[in-house]
Amino acid sequence: MTLLWGNIILLAHSALGAEFYRRILLANPAVEGLALKIQMTVNGQSREADVEPRLLLVHFLRENLGLTGTKIGCDTSQCGSCVVRMNGATVKSCTCLAAQADGAEITTIEGLSAGGELHAVQEAFWNKHGLQCGYCTAGMIMTAVELLERNPNPTPEEVRQGLEGNICRCTGYHNIVQAVLAAAEANSATSSG
Amino acid sequence: MTTRIFGSGIRRREDPRLITGGATYTDDVTLPGMVHAAILRSPHAHARITSVDTAAAGAAPGVIAVYTGADVEGALAPIPCAWIPPESDVKPVAHPAVAKDVVRYQGDAVAVVVAETRYQAEDALELIEVGYEPLPAVVNPVAAMADGAPQLHEDAPGNQAFHWVATGGDPDAAFAEADVVVSDTIVQQRLVPNAMEPRSALANWLGSMGELTIWSTSQNPHICRFLTSLITGVPEHKIRIIATEVGGGFGSKIPVYADEMIAAFCAMRLGRPVKWTETRSENFLATIHGRDHVERVEMAATRDGKITGVRSVVHAGMGAYLSTAAPGVPTILHGLMYSGPYALTGTRADIYGVFTNATPVDAYRGAGRPEATFLLERLVDLVAAELDLDPVELRRRNLIPKFDSGYDVVPGLTYDSGDYEGALDMALEHVGYAGLREEQASARERGQYVGIGVSCYCEICGLGPSQVAGAVGFGGGLWESAVVRFHPSGKVNAYVGVSPHGQGEETTFAQVVSDTLGVPVEDVDIVHGDTGNTPMGWGTYGSRTTAVGAGALFLGLNKIKDKARALAAHLLEAAEADIEYADGQFFVRGAPDQSKSIQEIALMANVAWNMPEGMEPGLEASAFYDPPNFVYPFGAHVAVVDVDPDNGHIVLRRYVAVDDCGPQINPMIVEGQVHGGVVQGAGQALWEGAVYDDNGQLLTGSMQDYALPKAHMVPDIETLSSETPSPHNPLGVKGIGETGTIASTVTIYNAVIDALKPLGVTRLEMPLTPERVWQAIHQQS
Ligand code: FES
Ligand code: FES
């Protein structure tokens, strides 16, 4: 598990306090047989599990919870296919331990359209043909949602910069940018109207 | 008047599941009792295996089995190459699924571990001890053919995988009579396709039934089933391949790989479902690469700017083995396109396929045609520079004039239809070419370097007549088929053999059904990607899905319509000749109140209470379509770049693409294909390149080192189109999936060279990194 271990080291650098380091230490694969009890709220539902300390959040979501909408496109934290929201911030769930998300509020793509109604960003991706194979789409949409919360009226340039951590091989980004701009417009129309 | 559904940019029906996380890709599938495979890969590019010790791995927690080359030998036949161009002395060397004696590239499979969890399987990989005796390696295709180069295969002396020569017209006369000859050495660097979804396979063996099911990331599940039966020995009718949701391919999911077969082998041994999913790092090593040509090219022209001939000698790296379609790419898909959109008198392509200690190469978006377009458009610019002519003017003097049904070019192809100069005019007008040249001149006075690149292209796609496929050594047919089924309630399913994976044919094919049968588009569903419920087809690649697949669909729809008309005549008690059809209604000529909707007919056909004598019940049709010829999309592209001479940095400021793919079923989807293709081609020009060291170690083995285009690196793509129907298929459509990639690399390259002209830089190697640009500028000054 060299790669997973590499991710963990990467995380250690992102410094999140004593509790986090305790968990990082437990994440050493040499510490056999340890299971951590974790609890988090995923898409509004409380979920509990005993997990291996080194289990990545993306694997917890996909394998343990069956939330396969979140994708894995790389093993070096480049592609952004795995982006979810953790306590409101976007995180690459391949670069985050499940244990690190203990107690957190997680939203995945499946939780974005709760109640069956599409989120404005989802609607805009659909309207503007912002996806082809769809593999990058969950990560793109989750990133875009947060981007628009931070900056409700971005310029095209700001959208492009904001998507810098997400790779799409199909669309050439043109329609993804159009989609994010259209979602911004739709949002401002609803909030002003 | 209602707008016609054919030609309208409706939203895709694929999207609701994709934007909500509801789609099921291969790695998303879980079966009861499923276990996980991980593959140990060679760290060496070339080595003899002296020992493999799996004892510790076998005893590791959760491990169920460990298999080596010795276990797999005999159980899995070697992975075959399926495209053997004739008269080219192809050496289809054996490619064992798991190496037993020799590894020939970094990434060659050496062993496989199956464990309860993926983490356990990967942990155990590290416990396998393999003894290697390293052998010398060679990665450059020219070096590999030099005397004394390390040899990869006993059966391929000098590492020559094949030698293919295609001469069209009289190239030697063209060169003998030329006033001007320009030449260049072009390196089409190795590219890594990087579909965002890694490859994955989930194999399930039902021993009691002798049935093998594989969920697989394939662009062509029917080809995959055919080859899986050859490799595993499971009869073809007992194999089901499911590839309904695939996250991009760009050619990299055409081949049938060792890894998927290894998953099948494990499932059959263990009687449990086995899933294997590659990591991105594995993808860089073990999924095919593209391009890898070293080309010596030249063009002949007359003093008054008439280009006459093109010749090449190409060393095309094949990697360590011949992948499924690899030999066809630098030969048939490349060497036959040397006339491009121009009227030449002689062409010769002299192509060596070369084994190297690197990942196998195969068809990558454009496959052969980007390379052909690149060398033509590069050489045309060189001729223009030599004659001191504007590159646009030189192109105008040589473009084939507008034609709408058949034009023969010297490599032996008959183009379908074209208006090449029309596309060029449209692109130049849109970009404001004259104004840009003025801007360039004044920018130069200020020490700023603006470059304008123009290219014209015509490409071959819509593969293709099966007779031709056979003649050029393609190990399959290239027709397509469709089954159209009207249900009693008036809803329609169409089952197709093509296998889209992002291109949107669930939507565009439904538009064709709706347009032809007059049923609402919501009442139509397209079924694809599962050999268990779709008719035979050859898959989605080579921009053939719409040109060939929709051709089959259209024939099926017309069969349905004919039967419905006959039944309508019977039910309306009229002669068939008196039945007219409009918008889904059959009616008696002159008595429009006497009518039946196609849905009413479908119900009556399905209940079969009152059928005419001899007519079978049901309203269903099956059709096969083998196109009489290829299709030839074309266009003209313009790129505008700013180059900063101080740091070599290039900004792609504008990109204009005019493409003609005939009538567009859904213009929104067409534009999307162009956007993506252009950016992928831009990637080759500016950022991407697989770099090996001399020992065959891939130095660009992750997304950290291999630069893929990101949103902030590219501009909006300005798309325009003309519409010249193809006479080669019933809908008149041409392909659009690859045009962007075919044209954009050289367009951007030409723009950068144009920018650097005053600095004396005339050639650069791709990718055009700031360092290379800076070095080139400084070598001049
Ligand atoms: S899978 Fe997380 S960034 Fe690529
Ligand atoms: S839609 Fe395929 S990777 Fe973005």
# chains A, B, ... in the order shown; residues from 1 in each chain; ligands from 1
$ closest_atom_pairs --of "chain A" --to "ligand 1" --cutoff "12 Å" --atoms "only C-alpha atoms and all ligand atoms" --output "Markdown table"
| residue | atom | partner | partner_atom_place_in_ligand_line | distance |
| --- | --- | --- | --- | --- |
| A:Leu4 | CA | ligand 1 | 2 (Fe) | 11.7 |
| A:Asn7 | CA | ligand 1 | 2 (Fe) | 10.2 |
| A:Leu56 | CA | ligand 1 | 2 (Fe) | 10.2 |
| A:Leu57 | CA | ligand 1 | 2 (Fe) | 10.1 |
| A:Val58 | CA | ligand 1 | 2 (Fe) | 8.0 |
| A:His59 | CA | ligand 1 | 1 (S) | 10.4 |
| A:Thr70 | CA | ligand 1 | 1 (S) | 8.9 |
| A:Lys71 | CA | ligand 1 | 1 (S) | 6.5 |
| A:Ile72 | CA | ligand 1 | 1 (S) | 3.9 |
| A:Gly73 | CA | ligand 1 | 1 (S) | 4.4 |
| A:Cys74 | CA | ligand 1 | 4 (Fe) | 3.9 |
| A:Asp75 | CA | ligand 1 | 4 (Fe) | 5.8 |
| A:Thr76 | CA | ligand 1 | 4 (Fe) | 6.3 |
| A:Ser77 | CA | ligand 1 | 3 (S) | 3.5 |
| A:Gln78 | CA | ligand 1 | 3 (S) | 4.4 |
| A:Cys79 | CA | ligand 1 | 4 (Fe) | 3.9 |
| A:Gly80 | CA | ligand 1 | 3 (S) | 4.0 |
| A:Ser81 | CA | ligand 1 | 1 (S) | 5.2 |
| A:Cys82 | CA | ligand 1 | 2 (Fe) | 4.5 |
| A:Val83 | CA | ligand 1 | 2 (Fe) | 6.7 |
| A:Val84 | CA | ligand 1 | 2 (Fe) | 9.7 |
| A:Thr90 | CA | ligand 1 | 2 (Fe) | 11.5 |
| A:Val91 | CA | ligand 1 | 2 (Fe) | 8.7 |
| A:Lys92 | CA | ligand 1 | 2 (Fe) | 5.0 |
| A:Ser93 | CA | ligand 1 | 2 (Fe) | 5.9 |
| A:Cys94 | CA | ligand 1 | 2 (Fe) | 4.3 |
| A:Thr95 | CA | ligand 1 | 2 (Fe) | 6.4 |
| A:Cys96 | CA | ligand 1 | 2 (Fe) | 9.1 |
| A:Leu97 | CA | ligand 1 | 2 (Fe) | 11.9 |
| A:Tyr135 | CA | ligand 1 | 1 (S) | 10.8 |
| A:Cys136 | CA | ligand 1 | 4 (Fe) | 9.4 |
| A:Ala138 | CA | ligand 1 | 1 (S) | 11.4 |
| A:Gly139 | CA | ligand 1 | 2 (Fe) | 8.8 |
| A:Met140 | CA | ligand 1 | 3 (S) | 11.2 |
| A:Thr143 | CA | ligand 1 | 3 (S) | 11.8 |
| A:Glu164 | CA | ligand 1 | 3 (S) | 11.4 |
| A:Gly165 | CA | ligand 1 | 3 (S) | 7.8 |
| A:Asn166 | CA | ligand 1 | 3 (S) | 7.6 |
| A:Ile167 | CA | ligand 1 | 4 (Fe) | 8.5 |
| A:Cys168 | CA | ligand 1 | 4 (Fe) | 11.0 |
$ write_last_selection --atoms "C-alpha atoms" --output "PDB file, in the first residue's frame"
ATOM      1  CA  LEU A   4      -2.007   4.912   0.260  1.00  0.00           C
ATOM      2  CA  ASN A   7      -1.318   9.878   0.678  1.00  0.00           C
ATOM      3  CA  LEU A  56      -9.369   6.538   2.660  1.00  0.00           C
ATOM      4  CA  LEU A  57     -12.553   8.557   2.799  1.00  0.00           C
ATOM      5  CA  VAL A  58     -13.256   7.877  -0.865  1.00  0.00           C
ATOM      6  CA  HIS A  59     -13.122   4.130  -0.260  1.00  0.00           C
ATOM      7  CA  THR A  70     -17.814   9.853  -6.088  1.00  0.00           C
ATOM      8  CA  LYS A  71     -15.102   8.665  -8.479  1.00  0.00           C
ATOM      9  CA  ILE A  72     -11.422   7.812  -8.326  1.00  0.00           C
ATOM     10  CA  GLY A  73      -9.444   9.077 -11.292  1.00  0.00           C
ATOM     11  CA  CYS A  74      -5.889   9.140  -9.987  1.00  0.00           C
ATOM     12  CA  ASP A  75      -3.628   8.236  -7.096  1.00  0.00           C
ATOM     13  CA  THR A  76      -1.708  11.472  -6.776  1.00  0.00           C
ATOM     14  CA  SER A  77      -4.405  13.991  -5.802  1.00  0.00           C
ATOM     15  CA  GLN A  78      -4.478  15.646  -9.215  1.00  0.00           C
ATOM     16  CA  CYS A  79      -7.741  14.900 -10.938  1.00  0.00           C
ATOM     17  CA  GLY A  80     -10.500  16.009  -8.594  1.00  0.00           C
ATOM     18  CA  SER A  81     -12.889  13.195  -9.576  1.00  0.00           C
ATOM     19  CA  CYS A  82     -13.246  12.420  -5.889  1.00  0.00           C
ATOM     20  CA  VAL A  83     -14.198  15.870  -4.586  1.00  0.00           C
ATOM     21  CA  VAL A  84     -16.823  15.890  -1.834  1.00  0.00           C
ATOM     22  CA  THR A  90     -14.348  20.844  -0.760  1.00  0.00           C
ATOM     23  CA  VAL A  91     -11.892  18.038  -0.145  1.00  0.00           C
ATOM     24  CA  LYS A  92     -10.349  15.449  -2.395  1.00  0.00           C
ATOM     25  CA  SER A  93     -11.682  12.378  -0.664  1.00  0.00           C
ATOM     26  CA  CYS A  94      -8.777  10.293  -1.981  1.00  0.00           C
ATOM     27  CA  THR A  95      -6.458  12.465   0.064  1.00  0.00           C
ATOM     28  CA  CYS A  96      -8.357  12.228   3.292  1.00  0.00           C
ATOM     29  CA  LEU A  97      -8.718   9.378   5.733  1.00  0.00           C
ATOM     30  CA  TYR A 135     -16.575  10.504 -14.996  1.00  0.00           C
ATOM     31  CA  CYS A 136     -15.170  13.855 -13.861  1.00  0.00           C
ATOM     32  CA  ALA A 138     -19.319  14.610  -9.721  1.00  0.00           C
ATOM     33  CA  GLY A 139     -16.045  16.241  -8.734  1.00  0.00           C
ATOM     34  CA  MET A 140     -16.568  19.134 -11.124  1.00  0.00           C
ATOM     35  CA  THR A 143     -16.155  21.993  -6.821  1.00  0.00           C
ATOM     36  CA  GLU A 164      -7.747  24.135 -11.651  1.00  0.00           C
ATOM     37  CA  GLY A 165      -7.833  21.065  -9.400  1.00  0.00           C
ATOM     38  CA  ASN A 166     -10.236  19.134 -11.612  1.00  0.00           C
ATOM     39  CA  ILE A 167      -9.298  17.368 -14.806  1.00  0.00           C
ATOM     40  CA  CYS A 168     -11.723  16.568 -17.588  1.00  0.00           C
TER      41      CYS A 168
END
$ interface_residues --of "chain B" --to "chain A" --cutoff "8 Å" --atoms "only C-alpha atoms" --output "ChimeraX atom specification"
/B:11-12,15-16,18-24,28,119,122-123,194-198,246-248,279-281,501-504,668-669,672-673,675-680,702-704,708-712,714-717
$ select_by_dssp --residues "region 559-630 of chain B" --states "alpha helix (DSSP H)" --output "ChimeraX atom specification"
/B:559-571,598-607
$ closest_residue --among "A:Asp102, A:Pro53, A:Asn87, A:Val180" --to "Gln39 (chain A)" --atoms "only C-alpha atoms"
A:Asp102
$ atom_distance --atom1 "CA of Val180 (chain B)" --atom2 "CA of Pro401 (chain B)"
23.5 Å
$ residues_around --residues "Ile214 (chain B)" --least-positions-apart "3" --cutoff "9 Å" --atoms "only C-alpha atoms" --output "ChimeraX atom specification"
/B:201-205,225,239-243,260,263-264
$ residues_around --residues "region 489-492 of chain B" --least-positions-apart "6" --cutoff "10 Å" --atoms "only C-alpha atoms" --output "count of residues only"
22
$ atom_distance --atom1 "atom 2 (Fe, counted along the ligand's line) of ligand 2" --atom2 "CA of Pro221 (chain B)"
19.3 Å
